[in-house]
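Coordinates as given in structure-v9.txt (compact mmCIF, C-alpha atoms):
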```txt
# COMPACT_ATOMS: atom_id res chain seq x y z
CA MET D 1 48.80 18.12 -91.40
CA ASP D 2 45.19 18.29 -92.58
CA SER D 3 43.22 21.40 -91.76
CA ILE D 4 41.03 20.72 -88.71
CA THR D 5 37.34 21.57 -88.29
CA ILE D 6 35.71 21.94 -84.86
CA ARG D 7 31.99 21.15 -84.67
CA ALA D 8 29.43 20.13 -82.04
CA GLY D 9 29.41 16.39 -81.30
CA ARG D 10 26.48 14.28 -82.53
CA LYS D 11 24.92 10.98 -81.47
CA GLU D 12 26.77 9.11 -84.17
CA ASP D 13 30.11 10.41 -82.82
CA MET D 14 29.66 8.79 -79.39
CA SER D 15 31.21 5.47 -80.37
CA GLN D 16 34.46 7.22 -81.39
CA ILE D 17 34.28 9.42 -78.27
CA TYR D 18 33.84 6.34 -76.09
CA ASP D 19 37.03 4.87 -77.59
CA MET D 20 38.86 8.12 -76.78
CA ILE D 21 37.42 8.22 -73.21
CA LYS D 22 39.08 4.84 -72.68
CA GLN D 23 42.36 6.08 -74.20
CA LEU D 24 42.30 9.18 -71.97
CA ALA D 25 41.67 7.03 -68.87
CA GLU D 26 44.58 4.78 -69.91
CA PHE D 27 46.83 7.84 -70.21
CA GLU D 28 45.64 8.89 -66.73
CA LYS D 29 46.44 5.35 -65.46
CA MET D 30 42.83 4.83 -64.37
CA ALA D 31 41.39 2.71 -67.19
CA ASP D 32 39.72 0.41 -64.63
CA GLN D 33 37.45 3.29 -63.54
CA VAL D 34 35.64 3.51 -66.91
CA LYS D 35 32.19 1.94 -66.38
CA ILE D 36 30.30 3.82 -69.07
CA SER D 37 29.21 2.72 -72.57
CA THR D 38 28.48 4.30 -75.95
CA GLU D 39 24.76 3.70 -75.30
CA THR D 40 24.90 5.58 -71.96
CA LEU D 41 26.66 8.51 -73.64
CA ILE D 42 23.93 8.65 -76.27
CA SER D 43 21.05 8.47 -73.79
CA ASP D 44 22.63 10.94 -71.32
CA GLY D 45 23.84 13.47 -73.89
CA PHE D 46 20.92 13.61 -76.32
CA GLY D 47 17.68 13.33 -74.36
CA SER D 48 15.27 16.14 -73.55
CA ASN D 49 17.58 17.33 -70.75
CA PRO D 50 21.14 16.54 -71.90
CA ALA D 51 23.68 15.98 -69.11
CA PHE D 52 26.64 17.13 -71.23
CA ALA D 53 27.66 18.37 -74.66
CA THR D 54 30.77 17.95 -76.80
CA PHE D 55 32.92 19.58 -79.43
CA VAL D 56 34.81 17.31 -81.78
CA ALA D 57 37.84 17.93 -84.01
CA CYS D 58 37.73 16.43 -87.52
CA PRO D 59 40.00 16.67 -90.57
CA ALA D 60 38.30 19.08 -92.98
CA THR D 61 38.54 16.29 -95.57
CA ASP D 62 36.52 13.85 -93.41
CA VAL D 63 34.13 15.44 -90.92
CA ASN D 64 32.97 12.01 -89.72
CA LYS D 65 36.40 11.01 -88.45
CA ILE D 66 37.11 12.37 -84.96
CA VAL D 67 40.70 13.07 -83.91
CA GLY D 68 39.91 14.83 -80.61
CA TYR D 69 37.03 15.86 -78.36
CA ALA D 70 36.09 18.18 -75.51
CA LEU D 71 33.21 17.17 -73.21
CA TYR D 72 31.65 19.78 -70.94
CA TYR D 73 28.52 20.59 -68.93
CA PRO D 74 27.03 23.62 -67.16
CA CYS D 75 27.99 23.97 -63.51
CA TYR D 76 27.26 26.60 -60.87
CA SER D 77 29.28 28.83 -58.57
CA THR D 78 27.72 30.51 -55.54
CA TRP D 79 30.35 33.24 -56.02
CA VAL D 80 29.86 34.13 -59.69
CA GLY D 81 26.82 32.18 -60.97
CA LYS D 82 26.58 30.06 -64.10
CA SER D 83 29.85 28.39 -65.10
CA VAL D 84 31.12 25.65 -67.38
CA PHE D 85 32.99 22.51 -66.33
CA LEU D 86 35.36 20.97 -68.88
CA GLU D 87 35.26 17.26 -68.03
CA ASP D 88 37.55 15.91 -70.78
CA LEU D 89 39.90 17.27 -73.42
CA PHE D 90 41.66 14.69 -75.57
CA VAL D 91 43.48 14.54 -78.91
CA LEU D 92 44.68 11.31 -80.55
CA PRO D 93 48.48 10.99 -80.12
CA GLU D 94 49.18 11.18 -83.87
CA HIS D 95 47.29 14.51 -84.11
CA ARG D 96 48.99 16.33 -81.21
CA LYS D 97 51.35 19.31 -81.40
CA GLY D 98 49.34 20.88 -84.22
CA GLY D 99 47.00 23.10 -82.21
CA VAL D 100 44.00 20.73 -82.19
CA GLY D 101 43.78 20.70 -78.37
CA LYS D 102 43.90 24.50 -78.27
CA LYS D 103 41.11 24.76 -80.86
CA LEU D 104 38.90 22.43 -78.79
CA PHE D 105 39.74 24.27 -75.55
CA LEU D 106 38.93 27.64 -77.14
CA ALA D 107 35.59 26.35 -78.48
CA VAL D 108 34.55 25.54 -74.89
CA ALA D 109 36.09 28.79 -73.56
CA LYS D 110 34.09 30.83 -76.08
CA LEU D 111 30.87 29.14 -75.04
CA ALA D 112 31.78 29.61 -71.34
CA HIS D 113 32.45 33.30 -71.95
CA GLU D 114 29.15 33.78 -73.79
CA SER D 115 26.93 31.84 -71.40
CA SER D 116 28.59 32.04 -68.01
CA LYS D 117 31.26 33.50 -65.79
CA ARG D 118 34.13 31.05 -65.64
CA MET D 119 35.44 27.63 -66.68
CA ASP D 120 36.68 24.93 -64.27
CA PHE D 121 38.37 21.59 -64.79
CA HIS D 122 40.58 19.01 -63.07
CA VAL D 123 44.12 18.13 -64.13
CA LEU D 124 46.46 15.43 -62.80
CA SER D 125 49.47 17.08 -61.16
CA TRP D 126 51.92 15.11 -63.35
CA ASN D 127 50.11 15.80 -66.65
CA PRO D 128 52.40 17.79 -69.02
CA ALA D 129 49.23 19.57 -70.28
CA LYS D 130 49.56 21.77 -67.14
CA ASP D 131 51.98 23.97 -69.09
CA PHE D 132 49.44 24.32 -71.93
CA TYR D 133 46.72 25.37 -69.46
CA LYS D 134 49.04 27.80 -67.68
CA ALA D 135 49.97 29.43 -71.00
CA LEU D 136 46.25 30.00 -71.63
CA GLY D 137 45.87 31.90 -68.34
CA CYS D 138 44.35 29.10 -66.24
CA VAL D 139 45.02 29.08 -62.50
CA ASN D 140 45.87 25.96 -60.49
CA LEU D 141 43.52 26.48 -57.53
CA THR D 142 44.95 23.53 -55.63
CA GLN D 143 48.31 25.32 -55.55
CA GLU D 144 47.00 28.88 -55.30
CA GLU D 145 44.09 28.47 -52.87
CA ASP D 146 44.51 24.96 -51.38
CA TRP D 147 41.36 23.46 -52.94
CA ASN D 148 41.26 19.66 -52.86
CA VAL D 149 38.96 17.41 -54.92
CA TYR D 150 36.75 15.10 -52.84
CA ARG D 151 34.58 12.21 -53.99
CA LEU D 152 32.05 9.81 -52.53
CA HIS D 153 32.02 6.77 -54.82
CA ASN D 154 28.82 4.90 -55.64
CA GLU D 155 29.41 2.04 -53.19
CA ASP D 156 30.24 4.51 -50.39
CA LEU D 157 27.12 6.56 -51.21
CA ALA D 158 25.07 3.41 -50.67
CA GLU D 159 26.86 2.76 -47.35
CA VAL D 160 26.53 6.29 -45.99
CA ILE D 161 22.80 6.56 -46.60
CA LYS D 162 21.80 3.02 -45.61
CA ASP D 163 20.34 4.17 -42.29
CA LEU D 164 18.13 6.69 -44.15
CA ILE D 165 16.44 4.23 -46.50
CA MET T 1 18.80 22.11 -29.27
CA ASP T 2 15.66 22.32 -31.39
CA SER T 3 14.82 19.40 -33.59
CA ILE T 4 15.93 20.15 -37.18
CA THR T 5 13.92 19.64 -40.36
CA ILE T 6 15.58 19.27 -43.79
CA ARG T 7 13.52 20.42 -46.77
CA ALA T 8 14.11 21.55 -50.37
CA GLY T 9 15.04 25.22 -50.65
CA ARG T 10 12.49 27.68 -52.09
CA LYS T 11 12.68 31.06 -53.82
CA GLU T 12 11.89 32.86 -50.59
CA ASP T 13 14.88 31.17 -48.88
CA MET T 14 17.43 32.68 -51.28
CA SER T 15 17.93 35.86 -49.28
CA GLN T 16 18.97 33.87 -46.19
CA ILE T 17 21.08 31.55 -48.37
CA TYR T 18 22.82 34.56 -49.92
CA ASP T 19 23.75 35.76 -46.42
CA MET T 20 25.18 32.34 -45.64
CA ILE T 21 27.08 32.19 -48.97
CA LYS T 22 28.85 35.36 -47.83
CA GLN T 23 29.56 33.88 -44.38
CA LEU T 24 30.96 30.69 -45.95
CA ALA T 25 33.22 32.76 -48.26
CA GLU T 26 34.42 34.74 -45.23
CA PHE T 27 35.25 31.49 -43.43
CA GLU T 28 37.15 30.41 -46.55
CA LYS T 29 38.99 33.78 -46.55
CA MET T 30 37.68 34.61 -50.02
CA ALA T 31 34.80 36.99 -49.32
CA ASP T 32 36.01 39.31 -52.10
CA GLN T 33 35.18 36.63 -54.71
CA VAL T 34 31.41 36.75 -54.03
CA LYS T 35 29.88 38.61 -57.01
CA ILE T 36 26.42 37.07 -56.90
CA SER T 37 23.10 38.43 -55.54
CA THR T 38 19.84 37.10 -54.12
CA GLU T 39 18.15 38.02 -57.40
CA THR T 40 20.66 35.98 -59.44
CA LEU T 41 20.14 32.98 -57.17
CA ILE T 42 16.38 33.23 -57.70
CA SER T 43 16.59 33.57 -61.47
CA ASP T 44 19.25 30.84 -61.88
CA GLY T 45 17.72 28.35 -59.46
CA PHE T 46 14.03 28.61 -60.26
CA GLY T 47 13.61 29.09 -64.01
CA SER T 48 12.49 26.49 -66.52
CA ASN T 49 15.98 24.95 -66.49
CA PRO T 50 17.34 25.45 -62.95
CA ALA T 51 21.14 25.63 -62.67
CA PHE T 52 21.17 24.30 -59.08
CA ALA T 53 18.98 23.12 -56.22
CA THR T 54 19.26 23.34 -52.45
CA PHE T 55 18.35 21.63 -49.21
CA VAL T 56 17.89 23.82 -46.16
CA ALA T 57 17.93 23.02 -42.44
CA CYS T 58 15.27 24.68 -40.27
CA PRO T 59 14.24 24.35 -36.64
CA ALA T 60 11.06 22.22 -36.61
CA THR T 61 9.46 25.09 -34.68
CA ASP T 62 10.14 27.61 -37.48
CA VAL T 63 10.48 26.18 -40.98
CA ASN T 64 11.05 29.64 -42.47
CA LYS T 65 14.23 30.23 -40.50
CA ILE T 66 17.28 28.66 -42.14
CA VAL T 67 20.25 27.57 -40.04
CA GLY T 68 22.17 25.73 -42.77
CA TYR T 69 22.06 24.87 -46.47
CA ALA T 70 23.50 22.53 -49.08
CA LEU T 71 23.63 23.71 -52.70
CA TYR T 72 24.22 21.15 -55.46
CA TYR T 73 23.78 20.56 -59.20
CA PRO T 74 23.96 17.63 -61.60
CA CYS T 75 27.38 17.00 -63.12
CA TYR T 76 28.75 14.32 -65.46
CA SER T 77 31.56 11.81 -65.40
CA THR T 78 32.83 10.13 -68.58
CA TRP T 79 33.79 7.19 -66.36
CA VAL T 80 30.52 6.53 -64.51
CA GLY T 81 27.85 8.82 -66.02
CA LYS T 82 25.45 11.12 -64.17
CA SER T 83 26.83 12.50 -60.90
CA VAL T 84 26.10 15.21 -58.36
CA PHE T 85 28.37 18.10 -57.39
CA LEU T 86 27.98 19.52 -53.89
CA GLU T 87 28.94 23.18 -54.31
CA ASP T 88 28.33 24.43 -50.75
CA LEU T 89 27.57 22.97 -47.33
CA PHE T 90 27.21 25.47 -44.51
CA VAL T 91 25.71 25.59 -41.00
CA LEU T 92 25.48 28.76 -38.90
CA PRO T 93 28.18 28.68 -36.18
CA GLU T 94 25.64 28.61 -33.32
CA HIS T 95 23.97 25.49 -34.80
CA ARG T 96 27.10 23.38 -35.36
CA LYS T 97 28.12 20.17 -33.55
CA GLY T 98 24.51 18.97 -33.45
CA GLY T 99 24.43 16.88 -36.63
CA VAL T 100 22.86 19.54 -38.87
CA GLY T 101 25.72 19.41 -41.39
CA LYS T 102 25.49 15.63 -41.55
CA LYS T 103 21.73 15.76 -42.16
CA LEU T 104 22.24 18.19 -45.05
CA PHE T 105 25.11 16.13 -46.47
CA LEU T 106 23.04 12.94 -46.30
CA ALA T 107 20.07 14.60 -48.02
CA VAL T 108 22.33 15.34 -51.03
CA ALA T 109 23.99 11.90 -50.79
CA LYS T 110 20.58 10.18 -50.89
CA LEU T 111 19.60 12.13 -53.98
CA ALA T 112 23.00 11.40 -55.58
CA HIS T 113 22.57 7.69 -54.85
CA GLU T 114 19.07 7.62 -56.32
CA SER T 115 19.77 9.66 -59.45
CA SER T 116 23.42 9.14 -60.26
CA LYS T 117 26.67 7.33 -59.61
CA ARG T 118 28.78 9.47 -57.34
CA MET T 119 29.11 12.78 -55.51
CA ASP T 120 32.01 15.22 -55.90
CA PHE T 121 32.96 18.42 -54.08
CA HIS T 122 35.91 20.68 -53.28
CA VAL T 123 37.34 21.25 -49.80
CA LEU T 124 40.07 23.64 -48.66
CA SER T 125 43.05 21.64 -47.39
CA TRP T 126 43.02 23.46 -44.03
CA ASN T 127 39.26 23.11 -43.43
CA PRO T 128 38.60 21.01 -40.28
CA ALA T 129 35.50 19.62 -42.07
CA LYS T 130 37.94 17.26 -43.86
CA ASP T 131 37.70 14.91 -40.86
CA PHE T 132 33.88 14.96 -41.12
CA TYR T 133 34.03 14.06 -44.83
CA LYS T 134 36.62 11.34 -44.24
CA ALA T 135 34.43 9.77 -41.54
CA LEU T 136 31.59 9.60 -44.08
CA GLY T 137 33.76 7.60 -46.50
CA CYS T 138 34.75 10.43 -48.84
CA VAL T 139 38.10 10.19 -50.63
CA ASN T 140 40.51 13.12 -51.06
CA LEU T 141 41.34 12.70 -54.76
CA THR T 142 43.99 15.41 -54.66
CA GLN T 143 45.93 13.30 -52.15
CA GLU T 144 44.98 9.87 -53.50
CA GLU T 145 45.14 10.44 -57.26
CA ASP T 146 46.92 13.82 -57.72
CA TRP T 147 43.91 15.69 -59.14
CA ASN T 148 44.27 19.49 -59.08
CA VAL T 149 41.48 22.04 -59.52
CA TYR T 150 42.00 24.45 -62.44
CA ARG T 151 40.04 27.60 -63.28
CA LEU T 152 39.87 30.16 -66.06
CA HIS T 153 38.35 33.28 -64.52
CA ASN T 154 35.95 35.50 -66.45
CA GLU T 155 38.52 38.17 -67.35
CA ASP T 156 40.97 35.50 -68.56
CA LEU T 157 38.20 33.81 -70.58
CA ALA T 158 37.68 37.10 -72.39
CA GLU T 159 41.44 37.44 -73.00
CA VAL T 160 41.97 33.90 -74.27
CA ILE T 161 39.18 34.02 -76.83
CA LYS T 162 39.68 37.58 -78.05
CA ASP T 163 41.27 36.41 -81.31
CA LEU T 164 38.24 34.19 -82.01
CA ILE T 165 35.61 36.90 -81.78
```
Encoded form (structure tokens):
Amino acid sequence: MDSITIRAGRKEDMSQIYDMIKQLAEFEKMADQVKISTETLISDGFGSNPAFATFVACPATDVNKIVGYALYYPCYSTWVGKSVFLEDLFVLPEHRKGGVGKKLFLAVAKLAHESSKRMDFHVLSWNPAKDFYKALGCVNLTQEEDWNVYRLHNEDLAEVIKDLI
Amino acid sequence: MDSITIRAGRKEDMSQIYDMIKQLAEFEKMADQVKISTETLISDGFGSNPAFATFVACPATDVNKIVGYALYYPCYSTWVGKSVFLEDLFVLPEHRKGGVGKKLFLAVAKLAHESSKRMDFHVLSWNPAKDFYKALGCVNLTQEEDWNVYRLHNEDLAEVIKDLI
């Protein structure tokens, strides 16, 4: 396997990242929930106040070809302060089992350690990557502390606030 | 009950919010996890690049006294784009059952609807507030889609990246 380089994602990578976002959502059996576009990723991630940042994994022989990505953003804990949320971690199927996912995870973990106090993320309970995260010392807070993830979708946001507008 | 005003939180509210952060953590049976201070809240929430923002609930007769707060920050979804994460929602016990929590929740929901695509948060599975969230149209994604919350704590972050440094 080629040697892999990890670098910060750039505007021109967003098209390849968008393709991988769709592949990740397909793996998660939720492809119909992807409403974003390459253009939105570029405008949200590279303006004056970027909403997220990425690391990408590339073969050392072709640093424009992306074989995996990690997308993260700063979050906040009222218990410990500044934290990092890892939104996505994905490696193309043909590049798995070679440590690429771990390299991407550690790039975000290093940044989280330098700039904040912890790193959070969400994992599907049936995702085999749970073993990978456990081996790295991550805690499943849904199992350990009974935390559940809640969401108010866009259409329900509109409904709930309609009497306020 | 006094009429309640909802307004954006200010630096000088952080001391009262810190007291309520501790009360919320006690209710959640995790008071030992609170490592933050009023000073950290002020520096993180009111610099040039604030890590969070708040709404506070005050009696209309005394807008410096806080009886509840909501603390939130911008987050990001690779499926829908810009989103809002509601980190904390808390009302002092003696001011509950009067709609204060709903007013705070709706203030964040309105902002989420105006600026983004959805609103996420975490709830303990045994918290009676689950019924309140369900009535507002929120979905429990741990039950509905099997999402689990994962965390890498500060000490484990240091351990996992020690070979990189």
Item checked: Interface residues on chain T facing chain D, 7 Å, only C-alpha atoms, written as a PyMOL selection string -> chain T and resi 21+33-36+51-52+73+75-76+78-81+106+109-110+113+117-125+136-142+146-154+156-158+160-161
Next item on the list: Kindly give the distance, in Å, that separates CA of Leu89 in chain D and CA of Lys102 in chain D, rounded to a single decimal.
Entry: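 Between CA of Leu89 in chain D and CA of Lys102 in chain D the gap is 9.6 Å.
Going from CA of Arg7 in chain T over to CA of Ala57 in chain T, you cover 6.7 Å.
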Margin query: When you look at Asp19 in chain D with a cut-off of 10 Å (counting only C-alpha atoms), what residues show up, excluding the ones that are within fewer than 4 positions of it in the same chain? I need them as a PyMOL selection string.
Written below: chain D and resi 14-15+23-24+37-38
Next item on the list: For CA of Pro59 in chain T and CA of Ser43 in chain T, determine how far apart the two atoms are, in Å to one decimal place.
Entry: 26.6 Å
